[in-house]
Structures are given as structure tokens and as C-alpha cells.
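A.B. asks: What follows is final.pdb, PDB, C-alpha atoms, pLDDT in the B column.
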MODEL        1
ATOM      1  CA  MET X   1     103.550 116.965-263.501  1.00 46.00           C
ATOM      2  CA  ARG X   2     101.034 114.076-263.713  1.00 49.00           C
ATOM      3  CA  PRO X   3      97.873 114.436-261.619  1.00 46.00           C
ATOM      4  CA  SER X   4      97.585 112.075-258.691  1.00 49.00           C
ATOM      5  CA  LEU X   5      95.316 109.040-258.810  1.00 42.00           C
ATOM      6  CA  ALA X   6      93.100 110.593-256.129  1.00 42.00           C
ATOM      7  CA  LEU X   7      92.463 113.691-258.251  1.00 40.00           C
ATOM      8  CA  LEU X   8      91.604 111.566-261.277  1.00 40.00           C
ATOM      9  CA  LEU X   9      89.110 109.562-259.232  1.00 39.00           C
ATOM     10  CA  ILE X  10      87.472 112.750-257.910  1.00 39.00           C
ATOM     11  CA  PHE X  11      87.216 114.123-261.459  1.00 39.00           C
ATOM     12  CA  ALA X  12      85.661 110.885-262.721  1.00 42.00           C
ATOM     13  CA  ALA X  13      83.124 110.859-259.883  1.00 40.00           C
ATOM     14  CA  ALA X  14      82.115 114.426-260.679  1.00 40.00           C
ATOM     15  CA  LEU X  15      81.466 113.468-264.314  1.00 36.00           C
ATOM     16  CA  VAL X  16      79.256 110.581-263.223  1.00 33.00           C
ATOM     17  CA  CYS X  17      77.228 112.834-260.918  1.00 36.00           C
ATOM     18  CA  CYS X  18      76.730 115.420-263.644  1.00 36.00           C
ATOM     19  CA  ASN X  19      75.432 112.808-266.073  1.00 38.00           C
ATOM     20  CA  LYS X  20      72.943 111.058-263.788  1.00 37.00           C
ATOM     21  CA  THR X  21      69.462 110.587-265.220  1.00 41.00           C
ATOM     22  CA  PRO X  22      66.229 110.261-263.198  1.00 38.00           C
ATOM     23  CA  LYS X  23      65.377 106.731-262.184  1.00 42.00           C
ATOM     24  CA  SER X  24      62.525 104.997-263.957  1.00 46.00           C
ATOM     25  CA  PRO X  25      59.665 103.658-261.801  1.00 44.00           C
ATOM     26  CA  SER X  26      61.052 100.124-261.953  1.00 48.00           C
ATOM     27  CA  GLU X  27      64.469 101.363-260.847  1.00 50.00           C
ATOM     28  CA  TRP X  28      63.184 103.305-257.836  1.00 45.00           C
ATOM     29  CA  GLU X  29      61.042 100.321-256.856  1.00 50.00           C
ATOM     30  CA  GLN X  30      64.247  98.298-256.687  1.00 52.00           C
ATOM     31  CA  VAL X  31      65.978 101.057-254.750  1.00 46.00           C
ATOM     32  CA  LEU X  32      63.253 100.989-252.111  1.00 50.00           C
ATOM     33  CA  LEU X  33      63.287  97.186-251.976  1.00 52.00           C
ATOM     34  CA  ASP X  34      67.056  97.241-251.525  1.00 53.00           C
ATOM     35  CA  GLU X  35      66.604  99.828-248.791  1.00 47.00           C
ATOM     36  CA  GLU X  36      64.078  97.566-247.018  1.00 49.00           C
ATOM     37  CA  ASP X  37      66.519  94.636-247.249  1.00 53.00           C
ATOM     38  CA  ALA X  38      69.264  96.824-245.795  1.00 50.00           C
ATOM     39  CA  ARG X  39      67.072  97.815-242.845  1.00 45.00           C
ATOM     40  CA  ASN X  40      66.131  94.216-242.184  1.00 48.00           C
ATOM     41  CA  SER X  41      69.795  93.181-242.279  1.00 50.00           C
ATOM     42  CA  ALA X  42      70.701  96.012-239.931  1.00 46.00           C
ATOM     43  CA  ALA X  43      68.025  94.862-237.509  1.00 43.00           C
ATOM     44  CA  ALA X  44      69.387  91.307-237.425  1.00 44.00           C
ATOM     45  CA  PRO X  45      71.744  90.460-234.505  1.00 44.00           C
ATOM     46  CA  GLY X  46      75.403  90.870-235.384  1.00 45.00           C
ATOM     47  CA  SER X  47      74.724  92.585-238.708  1.00 39.00           C
ATOM     48  CA  ALA X  48      76.439  95.750-239.920  1.00 39.00           C
ATOM     49  CA  PRO X  49      74.343  98.946-240.022  1.00 37.00           C
ATOM     50  CA  ALA X  50      73.154 100.261-243.365  1.00 36.00           C
ATOM     51  CA  THR X  51      75.358 103.113-244.561  1.00 34.00           C
ATOM     52  CA  HIS X  52      73.099 104.695-247.165  1.00 33.00           C
ATOM     53  CA  SER X  53      69.356 105.336-247.416  1.00 32.00           C
ATOM     54  CA  PRO X  54      68.258 106.720-250.812  1.00 35.00           C
ATOM     55  CA  VAL X  55      64.762 107.456-249.466  1.00 38.00           C
ATOM     56  CA  ALA X  56      64.662 108.577-245.854  1.00 41.00           C
ATOM     57  CA  PRO X  57      62.236 106.320-243.945  1.00 44.00           C
ATOM     58  CA  ALA X  58      59.910 107.554-241.248  1.00 45.00           C
ATOM     59  CA  PRO X  59      61.633 107.014-237.867  1.00 42.00           C
ATOM     60  CA  GLU X  60      59.161 104.482-236.480  1.00 55.00           C
ATOM     61  CA  LEU X  61      58.937 102.475-239.706  1.00 60.00           C
ATOM     62  CA  THR X  62      62.395 100.965-239.636  1.00 52.00           C
ATOM     63  CA  ALA X  63      61.570  97.294-240.110  1.00 48.00           C
ATOM     64  CA  ALA X  64      59.249  95.370-242.386  1.00 50.00           C
ATOM     65  CA  GLY X  65      56.080  94.014-240.848  1.00 59.00           C
ATOM     66  CA  ASN X  66      55.782  96.423-237.906  1.00 87.00           C
ATOM     67  CA  TYR X  67      52.761  98.318-239.223  1.00 93.00           C
ATOM     68  CA  ALA X  68      50.510  96.856-236.520  1.00 93.00           C
ATOM     69  CA  GLU X  69      52.909  98.079-233.844  1.00 91.00           C
ATOM     70  CA  VAL X  70      53.266 101.581-235.257  1.00 92.00           C
ATOM     71  CA  PHE X  71      49.586 102.139-236.110  1.00 95.00           C
ATOM     72  CA  ASN X  72      47.796 100.925-233.013  1.00 94.00           C
ATOM     73  CA  ASP X  73      45.564 103.793-231.869  1.00 96.00           C
ATOM     74  CA  SER X  74      42.776 102.262-229.800  1.00 93.00           C
ATOM     75  CA  ASN X  75      39.073 102.549-230.587  1.00 92.00           C
ATOM     76  CA  TYR X  76      38.659 104.294-227.215  1.00 92.00           C
ATOM     77  CA  ILE X  77      40.918 107.187-228.328  1.00 95.00           C
ATOM     78  CA  GLN X  78      39.378 107.364-231.780  1.00 96.00           C
ATOM     79  CA  TYR X  79      35.835 107.282-230.396  1.00 94.00           C
ATOM     80  CA  ALA X  80      36.442 110.356-228.236  1.00 95.00           C
ATOM     81  CA  SER X  81      37.638 112.311-231.274  1.00 96.00           C
ATOM     82  CA  ALA X  82      34.738 111.019-233.381  1.00 96.00           C
ATOM     83  CA  GLU X  83      32.146 112.123-230.816  1.00 94.00           C
ATOM     84  CA  ARG X  84      33.732 115.582-230.635  1.00 96.00           C
ATOM     85  CA  LEU X  85      33.929 116.230-234.385  1.00 96.00           C
ATOM     86  CA  GLY X  86      31.254 113.985-235.827  1.00 95.00           C
ATOM     87  CA  ILE X  87      27.536 113.771-236.383  1.00 94.00           C
ATOM     88  CA  GLU X  88      24.876 111.921-234.434  1.00 90.00           C
ATOM     89  CA  PRO X  89      24.642 108.360-235.839  1.00 88.00           C
ATOM     90  CA  ILE X  90      22.037 108.134-238.608  1.00 83.00           C
ATOM     91  CA  HIS X  91      19.872 105.181-239.623  1.00 75.00           C
ATOM     92  CA  SER X  92      19.391 105.785-243.344  1.00 73.00           C
ATOM     93  CA  ILE X  93      21.060 107.596-246.228  1.00 71.00           C
ATOM     94  CA  ASP X  94      18.299 110.228-246.490  1.00 73.00           C
ATOM     95  CA  LYS X  95      19.267 111.398-242.986  1.00 75.00           C
ATOM     96  CA  ALA X  96      22.764 112.238-244.281  1.00 73.00           C
ATOM     97  CA  TYR X  97      21.348 115.509-245.612  1.00 76.00           C
ATOM     98  CA  ASN X  98      19.972 116.609-242.257  1.00 79.00           C
ATOM     99  CA  THR X  99      22.681 116.197-239.625  1.00 86.00           C
ATOM    100  CA  ARG X 100      23.979 118.391-236.811  1.00 83.00           C
ATOM    101  CA  ARG X 101      27.110 119.042-238.873  1.00 89.00           C
ATOM    102  CA  PRO X 102      27.356 119.347-242.669  1.00 91.00           C
ATOM    103  CA  LEU X 103      28.577 116.304-244.553  1.00 94.00           C
ATOM    104  CA  VAL X 104      30.672 116.112-247.699  1.00 95.00           C
ATOM    105  CA  LYS X 105      29.856 113.493-250.312  1.00 95.00           C
ATOM    106  CA  ILE X 106      33.093 111.870-251.450  1.00 97.00           C
ATOM    107  CA  GLU X 107      33.592 110.609-254.995  1.00 97.00           C
ATOM    108  CA  SER X 108      36.477 109.155-256.964  1.00 97.00           C
ATOM    109  CA  CYS X 109      38.865 111.905-258.042  1.00 96.00           C
ATOM    110  CA  ASP X 110      42.531 112.546-258.794  1.00 95.00           C
ATOM    111  CA  ASN X 111      43.468 111.962-255.140  1.00 96.00           C
ATOM    112  CA  PHE X 112      41.671 108.684-254.451  1.00 98.00           C
ATOM    113  CA  GLU X 113      39.416 105.976-255.868  1.00 97.00           C
ATOM    114  CA  LEU X 114      36.183 105.082-254.101  1.00 97.00           C
ATOM    115  CA  ASP X 115      35.648 101.347-253.839  1.00 97.00           C
ATOM    116  CA  ASN X 116      32.279  99.628-254.069  1.00 92.00           C
ATOM    117  CA  LEU X 117      30.901 100.521-250.625  1.00 90.00           C
ATOM    118  CA  THR X 118      28.803  97.552-249.505  1.00 84.00           C
ATOM    119  CA  HIS X 119      28.448  98.456-245.815  1.00 82.00           C
ATOM    120  CA  SER X 120      28.882 102.224-245.764  1.00 89.00           C
ATOM    121  CA  MET X 121      27.844 105.492-247.418  1.00 90.00           C
ATOM    122  CA  PRO X 122      30.138 107.998-249.204  1.00 95.00           C
ATOM    123  CA  PHE X 123      29.874 110.831-246.689  1.00 95.00           C
ATOM    124  CA  LEU X 124      32.377 112.420-244.273  1.00 97.00           C
ATOM    125  CA  VAL X 125      32.510 115.514-242.090  1.00 97.00           C
ATOM    126  CA  PRO X 126      34.496 118.316-243.798  1.00 97.00           C
ATOM    127  CA  GLU X 127      37.630 117.744-241.678  1.00 98.00           C
ATOM    128  CA  ALA X 128      37.725 114.052-242.601  1.00 98.00           C
ATOM    129  CA  ALA X 129      37.081 114.769-246.288  1.00 98.00           C
ATOM    130  CA  ASP X 130      39.919 117.321-246.302  1.00 98.00           C
ATOM    131  CA  LEU X 131      42.250 114.845-244.592  1.00 98.00           C
ATOM    132  CA  LEU X 132      41.410 112.125-247.123  1.00 98.00           C
ATOM    133  CA  ASN X 133      42.189 114.448-250.018  1.00 98.00           C
ATOM    134  CA  GLU X 134      45.410 115.555-248.334  1.00 98.00           C
ATOM    135  CA  ILE X 135      46.558 111.960-247.849  1.00 98.00           C
ATOM    136  CA  GLY X 136      45.787 111.125-251.476  1.00 98.00           C
ATOM    137  CA  SER X 137      47.481 114.267-252.748  1.00 97.00           C
ATOM    138  CA  ASP X 138      50.647 113.627-250.719  1.00 97.00           C
ATOM    139  CA  PHE X 139      50.713 109.993-251.853  1.00 96.00           C
ATOM    140  CA  ASN X 140      50.466 111.136-255.486  1.00 95.00           C
ATOM    141  CA  ALA X 141      53.199 113.716-254.918  1.00 94.00           C
ATOM    142  CA  VAL X 142      55.635 111.031-253.748  1.00 92.00           C
ATOM    143  CA  LEU X 143      54.889 108.944-256.835  1.00 90.00           C
ATOM    144  CA  ALA X 144      55.247 111.954-259.131  1.00 90.00           C
ATOM    145  CA  LYS X 145      58.593 112.801-257.564  1.00 88.00           C
ATOM    146  CA  ARG X 146      59.787 109.332-258.536  1.00 81.00           C
ATOM    147  CA  GLY X 147      58.466 109.539-262.085  1.00 79.00           C
ATOM    148  CA  ALA X 148      55.253 107.551-261.583  1.00 80.00           C
ATOM    149  CA  LYS X 149      52.640 110.324-261.718  1.00 73.00           C
ATOM    150  CA  GLY X 150      49.076 109.131-262.274  1.00 73.00           C
ATOM    151  CA  GLN X 151      49.945 105.438-262.255  1.00 78.00           C
ATOM    152  CA  ASN X 152      48.373 104.497-258.912  1.00 91.00           C
ATOM    153  CA  LYS X 153      45.845 105.925-256.431  1.00 95.00           C
ATOM    154  CA  ILE X 154      44.797 104.982-252.923  1.00 97.00           C
ATOM    155  CA  VAL X 155      41.473 103.118-252.598  1.00 98.00           C
ATOM    156  CA  VAL X 156      38.847 104.096-250.000  1.00 98.00           C
ATOM    157  CA  THR X 157      36.975 100.989-248.851  1.00 97.00           C
ATOM    158  CA  SER X 158      34.667 102.406-246.156  1.00 95.00           C
ATOM    159  CA  ALA X 159      33.260 105.703-244.893  1.00 96.00           C
ATOM    160  CA  LEU X 160      30.040 106.561-243.021  1.00 93.00           C
ATOM    161  CA  ARG X 161      28.153 103.638-241.490  1.00 90.00           C
ATOM    162  CA  SER X 162      24.804 103.476-239.759  1.00 85.00           C
ATOM    163  CA  PRO X 163      24.183 101.349-236.650  1.00 78.00           C
ATOM    164  CA  TYR X 164      22.332  98.912-238.932  1.00 68.00           C
ATOM    165  CA  THR X 165      25.247  98.507-241.375  1.00 63.00           C
ATOM    166  CA  VAL X 166      27.644  98.149-238.444  1.00 60.00           C
ATOM    167  CA  LYS X 167      25.516  95.287-237.142  1.00 60.00           C
ATOM    168  CA  LYS X 168      25.475  93.621-240.566  1.00 55.00           C
ATOM    169  CA  LEU X 169      29.215  94.076-240.944  1.00 52.00           C
ATOM    170  CA  ARG X 170      29.940  92.487-237.575  1.00 48.00           C
ATOM    171  CA  ALA X 171      28.520  89.239-238.914  1.00 46.00           C
ATOM    172  CA  VAL X 172      31.235  89.030-241.572  1.00 47.00           C
ATOM    173  CA  ASN X 173      34.086  91.123-240.149  1.00 49.00           C
ATOM    174  CA  THR X 174      35.558  90.414-236.715  1.00 50.00           C
ATOM    175  CA  ASN X 175      37.267  93.845-236.720  1.00 50.00           C
ATOM    176  CA  ALA X 176      33.893  95.617-236.665  1.00 47.00           C
ATOM    177  CA  VAL X 177      32.631  96.780-233.257  1.00 49.00           C
ATOM    178  CA  ASP X 178      29.323  98.155-231.992  1.00 54.00           C
ATOM    179  CA  SER X 179      31.025 101.406-230.980  1.00 64.00           C
ATOM    180  CA  SER X 180      32.287 102.070-234.507  1.00 86.00           C
ATOM    181  CA  THR X 181      33.719 105.512-235.194  1.00 94.00           C
ATOM    182  CA  HIS X 182      32.451 105.148-238.773  1.00 93.00           C
ATOM    183  CA  MET X 183      28.988 106.077-237.455  1.00 91.00           C
ATOM    184  CA  PHE X 184      30.183 109.661-236.830  1.00 95.00           C
ATOM    185  CA  ALA X 185      31.397 110.307-240.420  1.00 96.00           C
ATOM    186  CA  THR X 186      34.849 111.071-239.042  1.00 97.00           C
ATOM    187  CA  THR X 187      36.440 107.817-240.147  1.00 97.00           C
ATOM    188  CA  PHE X 188      37.429 106.185-243.405  1.00 98.00           C
ATOM    189  CA  ASP X 189      39.380 103.086-244.392  1.00 97.00           C
ATOM    190  CA  ILE X 190      42.145 102.994-247.008  1.00 98.00           C
ATOM    191  CA  ALA X 191      43.161  99.618-248.411  1.00 98.00           C
ATOM    192  CA  TRP X 192      46.803  98.614-248.040  1.00 97.00           C
ATOM    193  CA  ASN X 193      46.571  95.512-250.240  1.00 95.00           C
ATOM    194  CA  LYS X 194      45.258  97.133-253.423  1.00 95.00           C
ATOM    195  CA  PHE X 195      45.748 100.373-255.303  1.00 95.00           C
ATOM    196  CA  TYR X 196      43.855 101.724-258.284  1.00 94.00           C
ATOM    197  CA  THR X 197      45.564 102.060-261.635  1.00 90.00           C
ATOM    198  CA  PRO X 198      43.911 102.851-264.985  1.00 83.00           C
ATOM    199  CA  ASP X 199      46.437 100.570-266.696  1.00 80.00           C
ATOM    200  CA  ALA X 200      47.137  97.261-264.953  1.00 74.00           C
ATOM    201  CA  SER X 201      50.360  96.803-266.906  1.00 73.00           C
ATOM    202  CA  ASN X 202      51.626 100.041-265.359  1.00 73.00           C
ATOM    203  CA  SER X 203      50.887  99.085-261.756  1.00 75.00           C
ATOM    204  CA  LEU X 204      53.707  99.409-259.242  1.00 83.00           C
ATOM    205  CA  ASN X 205      54.800  96.965-256.553  1.00 87.00           C
ATOM    206  CA  PRO X 206      51.989  96.916-253.929  1.00 89.00           C
ATOM    207  CA  GLU X 207      54.456  96.491-251.046  1.00 90.00           C
ATOM    208  CA  ILE X 208      56.251  99.660-252.101  1.00 89.00           C
ATOM    209  CA  LEU X 209      52.960 101.517-252.432  1.00 93.00           C
ATOM    210  CA  LYS X 210      51.896 100.285-248.998  1.00 94.00           C
ATOM    211  CA  ARG X 211      55.158 101.580-247.542  1.00 92.00           C
ATOM    212  CA  ILE X 212      54.693 105.010-249.137  1.00 93.00           C
ATOM    213  CA  LEU X 213      51.098 105.223-247.902  1.00 96.00           C
ATOM    214  CA  ALA X 214      52.215 104.250-244.387  1.00 95.00           C
ATOM    215  CA  GLU X 215      54.846 106.999-244.333  1.00 93.00           C
ATOM    216  CA  VAL X 216      52.268 109.587-245.463  1.00 96.00           C
ATOM    217  CA  LEU X 217      49.874 108.421-242.734  1.00 96.00           C
ATOM    218  CA  LEU X 218      52.583 108.478-240.111  1.00 95.00           C
ATOM    219  CA  GLU X 219      53.380 112.084-240.960  1.00 95.00           C
ATOM    220  CA  LYS X 220      49.702 113.087-240.612  1.00 97.00           C
ATOM    221  CA  ARG X 221      49.433 111.179-237.349  1.00 96.00           C
ATOM    222  CA  ASN X 222      52.586 112.795-235.949  1.00 94.00           C
ATOM    223  CA  GLN X 223      51.120 116.188-236.856  1.00 96.00           C
ATOM    224  CA  GLY X 224      48.104 115.386-234.681  1.00 97.00           C
ATOM    225  CA  LYS X 225      45.698 115.349-237.609  1.00 97.00           C
ATOM    226  CA  CYS X 226      44.417 111.804-237.168  1.00 98.00           C
ATOM    227  CA  TYR X 227      44.514 108.459-235.406  1.00 97.00           C
ATOM    228  CA  VAL X 228      45.353 105.296-237.322  1.00 97.00           C
ATOM    229  CA  LYS X 229      44.739 101.611-236.735  1.00 96.00           C
ATOM    230  CA  TYR X 230      46.345  98.964-238.942  1.00 96.00           C
ATOM    231  CA  GLU X 231      43.821  96.210-239.633  1.00 94.00           C
ATOM    232  CA  GLN X 232      44.995  92.866-240.956  1.00 91.00           C
ATOM    233  CA  LYS X 233      41.930  90.633-241.364  1.00 88.00           C
ATOM    234  CA  SER X 234      40.175  93.418-243.232  1.00 89.00           C
ATOM    235  CA  PRO X 235      43.283  94.783-244.971  1.00 96.00           C
ATOM    236  CA  CYS X 236      43.133  98.528-244.455  1.00 97.00           C
ATOM    237  CA  PHE X 237      44.356 101.522-242.498  1.00 98.00           C
ATOM    238  CA  HIS X 238      41.446 102.648-240.283  1.00 97.00           C
ATOM    239  CA  ILE X 239      41.751 106.447-239.971  1.00 98.00           C
ATOM    240  CA  THR X 240      39.842 108.887-237.737  1.00 98.00           C
ATOM    241  CA  VAL X 241      40.312 112.629-238.110  1.00 98.00           C
ATOM    242  CA  ASN X 242      41.391 114.503-234.991  1.00 97.00           C
ATOM    243  CA  ARG X 243      41.220 118.155-236.055  1.00 94.00           C
TER     244      ARG X 243
ENDMDL
END
Starting from the file, lay out its structure as C-alpha cells.
C.D. replies:
Amino acid sequence: MRPSLALLLIFAAALVCCNKTPKSPSEWEQVLLDEEDARNSAAAPGSAPATHSPVAPAPELTAAGNYAEVFNDSNYIQYASAERLGIEPIHSIDKAYNTRRPLVKIESCDNFELDNLTHSMPFLVPEAADLLNEIGSDFNAVLAKRGAKGQNKIVVTSALRSPYTVKKLRAVNTNAVDSSTHMFATTFDIAWNKFYTPDASNSLNPEILKRILAEVLLEKRNQGKCYVKYEQKSPCFHITVNR
């Protein structure tokens, strides 16, 4: 008795599944881009919903361009956390070694790259330093899972500021405020428009990397570990530790 067409199709599908190979970085980039297109189409009036999502998105990040809506924790909320966990504002780098709470000097490592800090100093309270390393480690883990281990790292663009550097920064950056949480060493900025790679030819799509970073940050924020503000004029995620 000849097998039915349905059984043959099931058998063929099983063979395909058994012979799948891991996607290369360029392939999973395209998968994520296709996923983004599907979400945007689903959000359009009268469009059919997407039926498959190869990488599960964070619930609140369901449409492109809504980062500012999702990450909108006010300076008022962040300031309260900064005062509770942070140091007294200092006026020079030598004071960083004599504060009411110990500070950790941050340096480029496997989890993140430290940018050229023109208006801040590379110090954070221990909770903020731990959070930064956790964010970088989780970001790297996502890339490694998709076969892109070691190709890109997050870039830290700002850390501890003094009242003087805050004042100087306000002259060139409209996002800067007098009541900056950076003065408490509880806050750091991570760029969303650039990522470090030791080999420029091996760099991945920055929009995909931004999306991955946003999903890592959203998880930390939902866990109550931090507050996040998406800044556009100074392209970064402004992050204040909460515990």
C-alpha cells in the first residue's frame, strides 16, 4: 500500500529539521530585520498579524521607533534613586578616592568599551558598576547565541560628572540638566548609535544591535534594577541604578 501524500510531506519536513545548520551572523541579522518588518506590517491598519517570530521580542518593544516611549523614566524618579544610593557630588577627580561610599573605577573589558570621556570620570558606585557589567555580559550572550561572539561590544559614553563638568556640558548638550544624576556616580550612558568592534569588517547591523541592547535594558528595568531614559540628541540610553 502506497503511503499517503500527507505522510510523505511529514517525513520530508522531519528530514529538513534534522539537517538544519546554525544561522550565520548575516542570516540572523536578516531574520531580525524580517521580524521587524512583520511587526510594522502587523501594526498598520488593516494588515494581517504576523504568524511567526523567530526571536521573541520584549512585550513593550513591538514597533520600530518607540524607544522614547518605552524608556521614558523621568529625571525626578532617577534623582531620588541616585540620592539614595550615590555619593555626595564631588568637584575634582582626586575627591573620587574619598567619598561617603566606595567607588569602582571602570575600564574597557570583555563586557563593554569605555569611550573617550570628555565631560565625566570613569567611576561608579558598586551597584552601578555591577549593573553595567551585567548589561554588557547579557548583550554579549545574545550575540554569542547567534554565532557572533566577540564581534561587538556596548560603548559607555559617560559616567561620573562633577557640578563643574555638568555646567560645561550644558553649554553643548541640551539634554544635560543642573540636577544631573551623573553627579552621584549611580548613572552611566550607553551609546545606541555605535558599538565597538575590533574588526570593522565584522561589524553587525547597528539597528539590530540597538534592538538587542534595548531588550536587555528593558529586562533589567522590568526587574527593578534600573531606570532608563532614551536620549535622541545625545544618542544614548541614560541609565540609573535602582538597587
A.B. asks: Hey, can you check how far CA of Arg243 in chain X sits from CA of Glu127 in chain X?
C.D. replies: 6.7 Å
A.B. asks: Got a sec: who's within 12 Å of Asn202 in chain X, counting all atoms listed in the file, leaving out chain neighbours fewer than 3 positions off, as an MDAnalysis selection string?
C.D. replies: chainID X and resid 25:26 148:152 195:199 205:206
A.B. asks: Applied to the shown file, which residues does the PyMOL selection byres ((chain X and resi 90) around 10) return, written as an NGL selection string?
C.D. replies: :X and (87-89 or 91-96 or 98-99 or 160-164 or 183-185)
A.B. asks: Leaving out Glu107 in chain X and any residue of its chain fewer than 5 positions from it, which residues lie within 8 Å of it when counting all atoms listed in the file, given as a PDB file with C-alpha atoms, keeping the file's coordinate frame?
C.D. replies:
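New file result.pdb:
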ATOM      1  CA  GLU X 113      39.416 105.976-255.868  1.00 97.00           C
ATOM      2  CA  LEU X 114      36.183 105.082-254.101  1.00 97.00           C
ATOM      3  CA  PRO X 122      30.138 107.998-249.204  1.00 95.00           C
TER       4      PRO X 122
END
A.B. asks: How far is it from CA of Ser234 in chain X to CA of Asn193 in chain X, in Å with one decimal?
C.D. replies: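 CA of Ser234 in chain X sits 9.7 Å away from CA of Asn193 in chain X.
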A.B. asks: Using all atoms listed in the file, which of the listed residues (X:Ile239, X:Leu204, X:Val228, X:Cys109) sits closest to Gly136 in chain X?
C.D. replies: X:Cys109
A.B. asks: Neighbouring residues of Gly86 in chain X were defined as those with any atom within 10 Å, considering all atoms listed in the file; residues of the same chain fewer than 5 positions away were excluded. Please report them as a short mmCIF file (atom, residue, chain, number, x, y, z; two decimals) with C-alpha atoms, in the coordinates of the input.
C.D. replies:
data_model
loop_
_atom_site.label_atom_id
_atom_site.label_comp_id
_atom_site.auth_asym_id
_atom_site.auth_seq_id
_atom_site.Cartn_x
_atom_site.Cartn_y
_atom_site.Cartn_z
CA TYR X 79 35.84 107.28 -230.40
CA ALA X 80 36.44 110.36 -228.24
CA SER X 81 37.64 112.31 -231.27
CA THR X 99 22.68 116.20 -239.62
CA ARG X 100 23.98 118.39 -236.81
CA ARG X 101 27.11 119.04 -238.87
CA PRO X 102 27.36 119.35 -242.67
CA LEU X 103 28.58 116.30 -244.55
CA LEU X 124 32.38 112.42 -244.27
CA VAL X 125 32.51 115.51 -242.09
CA PRO X 126 34.50 118.32 -243.80
CA GLU X 127 37.63 117.74 -241.68
CA ALA X 128 37.72 114.05 -242.60
CA THR X 181 33.72 105.51 -235.19
CA HIS X 182 32.45 105.15 -238.77
CA MET X 183 28.99 106.08 -237.46
CA PHE X 184 30.18 109.66 -236.83
CA ALA X 185 31.40 110.31 -240.42
CA THR X 186 34.85 111.07 -239.04
CA THR X 187 36.44 107.82 -240.15
CA VAL X 241 40.31 112.63 -238.11
#
A.B. asks: Please measure the separation of CA of Ser137 in chain X and CA of Val104 in chain X, giving the value in Å to one decimal.
C.D. replies: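 So the two atoms, CA of Ser137 in chain X and CA of Val104 in chain X, lie 17.6 Å apart.
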